[in-house]
Amino acid sequence: MENKFSRRDILKSSAGFAGLGMMGHRFQEADIQAGLDLKGKVHHSACRWCYLDIPFEELVINAKKIGLQSIELTGPDEWEILKKHDMTAAIGWGKYPDGMNIPNFFNRTKNHDALVGFYEDIIPKAAKAGVKNIITFSGNRDGMSDEDGLINCKKGLQRIMKTAERYDVTISMELLNSKVNHKDYQADTTEWGAALCEMVGSDKFKLLYDIYHMQIMEGDVIATIKKYHPYISHYHTGGVPGRNEIDETQELNYAAIIRAIYNTGYKGFIGQEFIPARKDKMASLEQAVKICDI
């Protein structure tokens, strides 16, 4: 199934979510099984951009019914709605400075002043809303060596670490594949991301380990998580290949992966970031919650 909306488009403005969401149809309460009997160990979340055809507050209400506690990759405008329903955002974002997006981010020193301003503004807002993580990106290589990318990212990120530490908000750089979805993206291996964490030198800078992306780049998911878990603040799911449902239609054993994650002592959220191929998207999300509820 081809994704109608790209994450690059969504990154332009979190404020645009509500308008996009109005394109969807309305669900009836009977469409969703309320009160799933969940085990309580896993904290369940879902990424907003995968459900843009569902109005936001409707998504929040129905997600809560199937056991989710968070709708993530949401911005300050959405956080108030989440709070209204006793929900949170496991990881947040906002409207980035003009021209800055996944391919053009912290590995370009020319972006640092604008990005520092953005994070200095959003970190206190996140703390006030109870949002504990804010996403960030490396940017594409565009001929840059991995060593220079590390150095440039470190310089920019270190400028916001005092604020992140003061407000107890973690800046989480997402690891993305550079083979299929994000050609030339620099933070495309866990090893590179862990090296950057060491260089930045703050417990408030960590990695968003996207299982879909790292299966494509590295494989060996469980062993990698066991090795690098101290550097990881958040996890995303997605079926491989295709980034659709995380069920028997794809190659990963998600129950085993989630069990391995929580066996490391992880206490955070599992963010569902698959693109539902079925017409009933909430049924697909409910199925994913059940699979991951170890």
# chains A, B, ... in the order shown; residues from 1 in each chain; ligands from 1
>>> residues_around(residues="Arg108 of chain A", least_positions_apart="4", cutoff="12 Å", atoms="only C-alpha atoms", output="list in words")
Met100, Asn101, Ile102, Pro103, Asn104, His112, Asp113, Ala114, Leu115, Phe137, Ser138, Gly139, Asn140, Arg141, Asp142, Gly143, Met144, Ser145, Asp148, Gly149, Leu150, Ile151, Asn152, Cys153, Lys154, Lys155, Gly156, Leu157 and Gln186 of chain A
>>> write_last_selection(atoms="C-alpha atoms", output="PDB file, in the first residue's frame")
ATOM      1  CA  MET A 100      14.627  22.122   7.624  1.00  0.00           C
ATOM      2  CA  ASN A 101      13.327  18.578   7.492  1.00  0.00           C
ATOM      3  CA  ILE A 102      14.615  15.000   7.626  1.00  0.00           C
ATOM      4  CA  PRO A 103      17.233  15.455   4.839  1.00  0.00           C
ATOM      5  CA  ASN A 104      18.402  18.861   6.083  1.00  0.00           C
ATOM      6  CA  HIS A 112      22.409  25.162  14.016  1.00  0.00           C
ATOM      7  CA  ASP A 113      21.258  28.628  15.062  1.00  0.00           C
ATOM      8  CA  ALA A 114      17.733  28.064  13.757  1.00  0.00           C
ATOM      9  CA  LEU A 115      17.485  24.558  15.191  1.00  0.00           C
ATOM     10  CA  PHE A 137      17.271  14.008  12.861  1.00  0.00           C
ATOM     11  CA  SER A 138      20.777  13.929  11.462  1.00  0.00           C
ATOM     12  CA  GLY A 139      20.102  15.041   7.894  1.00  0.00           C
ATOM     13  CA  ASN A 140      21.415  13.470   4.697  1.00  0.00           C
ATOM     14  CA  ARG A 141      25.081  12.938   3.900  1.00  0.00           C
ATOM     15  CA  ASP A 142      25.118  14.775   0.563  1.00  0.00           C
ATOM     16  CA  GLY A 143      28.808  13.893   0.238  1.00  0.00           C
ATOM     17  CA  MET A 144      29.620  14.464   3.918  1.00  0.00           C
ATOM     18  CA  SER A 145      31.728  11.811   5.647  1.00  0.00           C
ATOM     19  CA  ASP A 148      32.199  14.985   9.814  1.00  0.00           C
ATOM     20  CA  GLY A 149      28.493  14.271  10.310  1.00  0.00           C
ATOM     21  CA  LEU A 150      29.171  13.130  13.848  1.00  0.00           C
ATOM     22  CA  ILE A 151      31.240  16.211  14.619  1.00  0.00           C
ATOM     23  CA  ASN A 152      28.674  18.615  13.163  1.00  0.00           C
ATOM     24  CA  CYS A 153      25.721  16.971  14.912  1.00  0.00           C
ATOM     25  CA  LYS A 154      27.616  16.979  18.206  1.00  0.00           C
ATOM     26  CA  LYS A 155      28.338  20.692  17.959  1.00  0.00           C
ATOM     27  CA  GLY A 156      24.711  21.580  17.401  1.00  0.00           C
ATOM     28  CA  LEU A 157      23.182  19.156  19.863  1.00  0.00           C
ATOM     29  CA  GLN A 186      23.253   9.770   7.744  1.00  0.00           C
TER      30      GLN A 186
END
>>> closest_atom_pairs(of="segment 71-109 of chain A", to="segment 41-56 of chain A", cutoff="8 Å", atoms="only C-alpha atoms", output="JSON lines")
{"residue": "A:Ile71", "atom": "CA", "partner": "A:Ala46", "partner_atom": "CA", "distance": 5.1}
{"residue": "A:Glu72", "atom": "CA", "partner": "A:Cys47", "partner_atom": "CA", "distance": 4.9}
{"residue": "A:Leu73", "atom": "CA", "partner": "A:Cys47", "partner_atom": "CA", "distance": 5.7}
{"residue": "A:Thr74", "atom": "CA", "partner": "A:Arg48", "partner_atom": "CA", "distance": 6.5}
{"residue": "A:Glu78", "atom": "CA", "partner": "A:Phe56", "partner_atom": "CA", "distance": 7.9}
{"residue": "A:Ala89", "atom": "CA", "partner": "A:Ser45", "partner_atom": "CA", "distance": 8.0}
{"residue": "A:Ala90", "atom": "CA", "partner": "A:Ser45", "partner_atom": "CA", "distance": 6.9}
>>> write_last_selection(atoms="N, CA, C and O atoms", output="CSV table (one decimal), in the first residue's frame")
chain,number,residue,atom,x,y,z
A,71,ILE,N,-0.6,9.3,21.8
A,71,ILE,CA,-0.5,9.5,20.3
A,71,ILE,C,0.7,10.4,20.1
A,71,ILE,O,0.8,11.5,20.6
A,72,GLU,N,1.7,9.8,19.4
A,72,GLU,CA,3.0,10.5,19.3
A,72,GLU,C,3.2,11.2,18.0
A,72,GLU,O,2.4,11.1,17.1
A,73,LEU,N,4.4,11.8,17.9
A,73,LEU,CA,4.7,12.7,16.7
A,73,LEU,C,3.6,13.7,16.5
A,73,LEU,O,3.0,13.9,15.5
A,74,THR,N,3.3,14.2,17.7
A,74,THR,CA,2.3,15.3,17.8
A,74,THR,C,3.0,16.5,18.3
A,74,THR,O,4.0,16.4,18.9
A,78,GLU,N,-1.7,19.7,19.7
A,78,GLU,CA,-2.4,18.4,20.0
A,78,GLU,C,-2.2,18.0,21.4
A,78,GLU,O,-3.1,17.2,21.9
A,89,ALA,N,1.9,12.3,24.8
A,89,ALA,CA,2.7,12.1,23.6
A,89,ALA,C,4.0,11.4,24.0
A,89,ALA,O,4.8,12.1,24.7
A,90,ALA,N,4.2,10.2,23.6
A,90,ALA,CA,5.5,9.5,24.0
A,90,ALA,C,6.7,10.2,23.4
A,90,ALA,O,7.8,10.2,24.0
>>> select_by_dssp(residues="segment 29-220 of chain A", states="alpha helix (DSSP H)", output="PyMOL selection string")
chain A and resi 56-65+76-84+112-129+146-158+161-167+190-200+211-217
>>> write_last_selection(atoms="C-alpha atoms", output="short mmCIF file (atom, residue, chain, number, x, y, z; two decimals), in the first residue's frame")
data_model
loop_
_atom_site.label_atom_id
_atom_site.label_comp_id
_atom_site.auth_asym_id
_atom_site.auth_seq_id
_atom_site.Cartn_x
_atom_site.Cartn_y
_atom_site.Cartn_z
CA PHE A 56 -7.43 13.85 15.85
CA GLU A 57 -9.72 13.87 18.87
CA GLU A 58 -11.64 10.92 17.45
CA LEU A 59 -8.36 9.03 17.08
CA VAL A 60 -7.42 9.86 20.68
CA ILE A 61 -10.76 8.62 22.05
CA ASN A 62 -10.74 5.39 20.07
CA ALA A 63 -7.05 4.70 20.67
CA LYS A 64 -7.61 5.00 24.41
CA LYS A 65 -10.44 2.46 24.18
CA PRO A 76 1.90 21.51 21.14
CA ASP A 77 -1.55 22.08 19.61
CA GLU A 78 -2.38 18.38 19.97
CA TRP A 79 -0.93 17.99 23.47
CA GLU A 80 -3.84 19.90 25.01
CA ILE A 81 -6.32 17.50 23.42
CA LEU A 82 -4.30 14.51 24.65
CA LYS A 83 -4.25 15.94 28.18
CA LYS A 84 -8.02 16.42 28.05
CA HIS A 112 22.41 25.16 14.02
CA ASP A 113 21.26 28.63 15.06
CA ALA A 114 17.73 28.06 13.76
CA LEU A 115 17.49 24.56 15.19
CA VAL A 116 18.80 25.65 18.58
CA GLY A 117 16.13 28.34 18.63
CA PHE A 118 13.45 25.79 17.77
CA TYR A 119 14.48 23.35 20.51
CA GLU A 120 15.00 26.06 23.11
CA ASP A 121 11.38 27.06 22.46
CA ILE A 122 9.75 23.63 22.33
CA ILE A 123 11.58 21.92 25.21
CA PRO A 124 9.90 24.03 27.96
CA LYS A 125 6.54 23.55 26.23
CA ALA A 126 7.07 19.79 26.18
CA ALA A 127 8.05 19.74 29.84
CA LYS A 128 4.95 21.72 30.79
CA ALA A 129 2.75 19.28 28.85
CA ASP A 146 30.22 9.98 8.61
CA GLU A 147 32.98 11.40 10.82
CA ASP A 148 32.20 14.99 9.81
CA GLY A 149 28.49 14.27 10.31
CA LEU A 150 29.17 13.13 13.85
CA ILE A 151 31.24 16.21 14.62
CA ASN A 152 28.67 18.62 13.16
CA CYS A 153 25.72 16.97 14.91
CA LYS A 154 27.62 16.98 18.21
CA LYS A 155 28.34 20.69 17.96
CA GLY A 156 24.71 21.58 17.40
CA LEU A 157 23.18 19.16 19.86
CA GLN A 158 25.50 20.12 22.70
CA MET A 161 21.68 19.88 26.19
CA LYS A 162 21.67 22.25 29.17
CA THR A 163 18.07 23.17 28.41
CA ALA A 164 17.10 19.54 27.88
CA GLU A 165 18.73 18.60 31.18
CA ARG A 166 17.12 21.48 33.05
CA TYR A 167 13.64 20.52 31.85
CA THR A 190 22.83 2.00 15.50
CA GLU A 191 26.61 2.08 15.79
CA TRP A 192 26.78 5.60 14.30
CA GLY A 193 24.00 6.77 16.60
CA ALA A 194 25.67 5.29 19.68
CA ALA A 195 28.93 7.02 18.74
CA LEU A 196 27.06 10.33 18.56
CA CYS A 197 25.54 9.72 22.00
CA GLU A 198 29.02 9.24 23.43
CA MET A 199 30.24 12.42 21.76
CA VAL A 200 27.31 14.57 22.92
CA ILE A 211 12.70 -1.51 14.25
CA TYR A 212 11.44 -1.35 10.66
CA HIS A 213 14.30 0.86 9.52
CA MET A 214 17.03 -1.03 11.36
CA GLN A 215 15.80 -4.42 10.13
CA ILE A 216 16.33 -3.09 6.61
CA MET A 217 19.78 -1.64 7.40
#
>>> closest_residue(among="A:Arg159, A:Lys226, A:His234, A:Lys95", to="Lys132 of chain A", atoms="only C-alpha atoms")
A:His234
>>> select_by_dssp(residues="segment 59-170 of chain A", states="strand (DSSP E)", output="list in words")
Ser70, Ile71, Glu72, Asn133, Ile134, Ile135, Thr136 and Thr170 of chain A
>>> closest_residue(among="A:Thr109, A:Thr237, A:Thr136, A:Ser70", to="Val221 of chain A", atoms="only C-alpha atoms")
A:Thr237
>>> residues_around(residues="Glu251 of chain A", least_positions_apart="3", cutoff="9 Å", atoms="only C-alpha atoms", output="PDB file with N, CA and C atoms, in the first residue's frame")
ATOM      1  N   GLY A 239       5.977  -3.243   9.888  1.00  0.00           N
ATOM      2  CA  GLY A 239       6.180  -4.524   9.228  1.00  0.00           C
ATOM      3  C   GLY A 239       7.198  -4.437   8.103  1.00  0.00           C
ATOM      4  N   VAL A 240       8.042  -5.464   8.020  1.00  0.00           N
ATOM      5  CA  VAL A 240       9.054  -5.549   6.967  1.00  0.00           C
ATOM      6  C   VAL A 240       8.765  -6.781   6.109  1.00  0.00           C
ATOM      7  N   PRO A 241       8.656  -6.605   4.771  1.00  0.00           N
ATOM      8  CA  PRO A 241       8.776  -5.354   4.009  1.00  0.00           C
ATOM      9  C   PRO A 241       7.455  -4.592   3.963  1.00  0.00           C
ATOM     10  N   ILE A 246       2.070  -5.457  11.554  1.00  0.00           N
ATOM     11  CA  ILE A 246       3.183  -6.206  12.160  1.00  0.00           C
ATOM     12  C   ILE A 246       2.769  -7.639  12.472  1.00  0.00           C
ATOM     13  N   ASP A 247       1.910  -8.202  11.650  1.00  0.00           N
ATOM     14  CA  ASP A 247       1.356  -9.532  11.886  1.00  0.00           C
ATOM     15  C   ASP A 247       2.078 -10.584  11.058  1.00  0.00           C
ATOM     16  N   GLU A 248       1.398 -11.678  10.738  1.00  0.00           N
ATOM     17  CA  GLU A 248       2.007 -12.790  10.010  1.00  0.00           C
ATOM     18  C   GLU A 248       2.318 -12.456   8.554  1.00  0.00           C
TER      19      GLU A 248
END
>>> closest_residue(among="A:Leu207, A:Ala255, A:Ile160, A:Leu175", to="Gln287 of chain A", atoms="only C-alpha atoms")
A:Ala255
>>> residues_around(residues="Leu208 of chain A", least_positions_apart="3", cutoff="9 Å", atoms="only C-alpha atoms", output="PyMOL selection string")
chain A and resi 135-136+172-175+231-236
>>> write_last_selection(atoms="all heavy atoms", output="JSON list (two decimals), in the first residue's frame")
[["chain", "number", "residue", "atom", "x", "y", "z"],
["A", 135, "ILE", "N", 11.68, 14.55, 19.11],
["A", 135, "ILE", "CA", 12.43, 13.89, 18.05],
["A", 135, "ILE", "C", 13.40, 14.86, 17.39],
["A", 135, "ILE", "O", 13.19, 16.08, 17.37],
["A", 135, "ILE", "CB", 11.45, 13.31, 17.00],
["A", 135, "ILE", "CG1", 12.14, 12.25, 16.13],
["A", 135, "ILE", "CG2", 10.84, 14.41, 16.14],
["A", 135, "ILE", "CD1", 11.17, 11.46, 15.26],
["A", 136, "THR", "N", 14.50, 14.31, 16.85],
["A", 136, "THR", "CA", 15.42, 15.07, 16.02],
["A", 136, "THR", "C", 16.00, 14.15, 14.95],
["A", 136, "THR", "O", 15.79, 12.94, 14.97],
["A", 136, "THR", "CB", 16.53, 15.72, 16.87],
["A", 136, "THR", "OG1", 17.16, 16.75, 16.11],
["A", 136, "THR", "CG2", 17.58, 14.71, 17.33],
["A", 172, "SER", "N", 15.73, 12.87, 21.07],
["A", 172, "SER", "CA", 15.91, 11.52, 20.53],
["A", 172, "SER", "C", 16.09, 11.57, 19.02],
["A", 172, "SER", "O", 15.17, 11.97, 18.30],
["A", 172, "SER", "CB", 14.70, 10.66, 20.88],
["A", 172, "SER", "OG", 14.53, 10.57, 22.29],
["A", 173, "MET", "N", 17.26, 11.16, 18.55],
["A", 173, "MET", "CA", 17.53, 11.16, 17.11],
["A", 173, "MET", "C", 17.05, 9.85, 16.51],
["A", 173, "MET", "O", 17.46, 8.76, 16.94],
["A", 173, "MET", "CB", 19.02, 11.35, 16.81],
["A", 173, "MET", "CG", 19.33, 11.35, 15.31],
["A", 173, "MET", "SD", 21.02, 11.82, 14.91],
["A", 173, "MET", "CE", 20.96, 13.60, 15.20],
["A", 174, "GLU", "N", 16.22, 9.96, 15.48],
["A", 174, "GLU", "CA", 15.68, 8.75, 14.86],
["A", 174, "GLU", "C", 16.69, 8.14, 13.90],
["A", 174, "GLU", "O", 17.30, 8.82, 13.07],
["A", 174, "GLU", "CB", 14.38, 9.02, 14.14],
["A", 174, "GLU", "CG", 13.75, 7.74, 13.61],
["A", 174, "GLU", "CD", 12.30, 7.87, 13.19],
["A", 174, "GLU", "OE1", 11.84, 9.01, 12.98],
["A", 174, "GLU", "OE2", 11.64, 6.83, 13.09],
["A", 175, "LEU", "N", 16.84, 6.82, 14.02],
["A", 175, "LEU", "CA", 17.62, 6.02, 13.08],
["A", 175, "LEU", "C", 16.70, 5.60, 11.94],
["A", 175, "LEU", "O", 15.65, 5.00, 12.17],
["A", 175, "LEU", "CB", 18.19, 4.79, 13.77],
["A", 175, "LEU", "CG", 19.07, 5.06, 15.01],
["A", 175, "LEU", "CD1", 19.44, 3.74, 15.69],
["A", 175, "LEU", "CD2", 20.32, 5.85, 14.65],
["A", 231, "TYR", "N", 21.62, 3.39, 24.98],
["A", 231, "TYR", "CA", 21.59, 4.59, 24.15],
["A", 231, "TYR", "C", 20.20, 4.86, 23.57],
["A", 231, "TYR", "O", 20.02, 5.85, 22.86],
["A", 231, "TYR", "CB", 22.58, 4.45, 22.99],
["A", 231, "TYR", "CG", 24.01, 4.22, 23.41],
["A", 231, "TYR", "CD1", 24.57, 2.95, 23.36],
["A", 231, "TYR", "CD2", 24.81, 5.27, 23.87],
["A", 231, "TYR", "CE1", 25.89, 2.73, 23.74],
["A", 231, "TYR", "CE2", 26.12, 5.06, 24.26],
["A", 231, "TYR", "CZ", 26.66, 3.78, 24.19],
["A", 231, "TYR", "OH", 27.96, 3.57, 24.58],
["A", 232, "ILE", "N", 19.24, 3.99, 23.84],
["A", 232, "ILE", "CA", 17.93, 4.07, 23.19],
["A", 232, "ILE", "C", 16.88, 4.59, 24.16],
["A", 232, "ILE", "O", 16.73, 4.08, 25.27],
["A", 232, "ILE", "CB", 17.52, 2.69, 22.64],
["A", 232, "ILE", "CG1", 18.55, 2.22, 21.59],
["A", 232, "ILE", "CG2", 16.12, 2.73, 22.04],
["A", 232, "ILE", "CD1", 18.37, 0.77, 21.16],
["A", 233, "SER", "N", 16.12, 5.60, 23.70],
["A", 233, "SER", "CA", 15.07, 6.19, 24.54],
["A", 233, "SER", "C", 13.67, 5.81, 24.08],
["A", 233, "SER", "O", 12.71, 5.98, 24.84],
["A", 233, "SER", "CB", 15.19, 7.71, 24.52],
["A", 233, "SER", "OG", 15.09, 8.20, 23.18],
["A", 234, "HIS", "N", 13.54, 5.32, 22.85],
["A", 234, "HIS", "CA", 12.20, 5.08, 22.32],
["A", 234, "HIS", "C", 12.30, 4.09, 21.16],
["A", 234, "HIS", "O", 13.35, 3.97, 20.52],
["A", 234, "HIS", "CB", 11.58, 6.39, 21.84],
["A", 234, "HIS", "CG", 10.12, 6.30, 21.52],
["A", 234, "HIS", "ND1", 9.18, 5.85, 22.42],
["A", 234, "HIS", "CD2", 9.42, 6.59, 20.39],
["A", 234, "HIS", "CE1", 7.97, 5.89, 21.87],
["A", 234, "HIS", "NE2", 8.10, 6.33, 20.63],
["A", 235, "TYR", "N", 11.18, 3.38, 20.90],
["A", 235, "TYR", "CA", 11.13, 2.38, 19.84],
["A", 235, "TYR", "C", 9.91, 2.59, 18.96],
["A", 235, "TYR", "O", 8.82, 2.93, 19.44],
["A", 235, "TYR", "CB", 11.06, 0.97, 20.43],
["A", 235, "TYR", "CG", 12.30, 0.52, 21.15],
["A", 235, "TYR", "CD1", 12.48, 0.81, 22.51],
["A", 235, "TYR", "CD2", 13.32, -0.17, 20.50],
["A", 235, "TYR", "CE1", 13.62, 0.40, 23.19],
["A", 235, "TYR", "CE2", 14.46, -0.59, 21.17],
["A", 235, "TYR", "CZ", 14.61, -0.30, 22.51],
["A", 235, "TYR", "OH", 15.74, -0.69, 23.18],
["A", 236, "HIS", "N", 10.09, 2.34, 17.64],
["A", 236, "HIS", "CA", 8.99, 2.34, 16.68],
["A", 236, "HIS", "C", 8.88, 0.96, 16.03],
["A", 236, "HIS", "O", 9.88, 0.27, 15.83],
["A", 236, "HIS", "CB", 9.22, 3.38, 15.58],
["A", 236, "HIS", "CG", 8.82, 4.75, 15.97],
["A", 236, "HIS", "ND1", 9.14, 5.86, 15.21],
["A", 236, "HIS", "CD2", 8.10, 5.23, 17.02],
["A", 236, "HIS", "CE1", 8.64, 6.95, 15.77],
["A", 236, "HIS", "NE2", 8.01, 6.58, 16.88]]
>>> closest_residue(among="A:Asn177, A:Ser284, A:Thr249, A:Ser202", to="Glu218 of chain A", atoms="only C-alpha atoms")
A:Asn177
>>> closest_residue(among="A:Pro276, A:Gly201, A:Gly130, A:Gly75", to="Asn244 of chain A", atoms="only C-alpha atoms")
A:Pro276
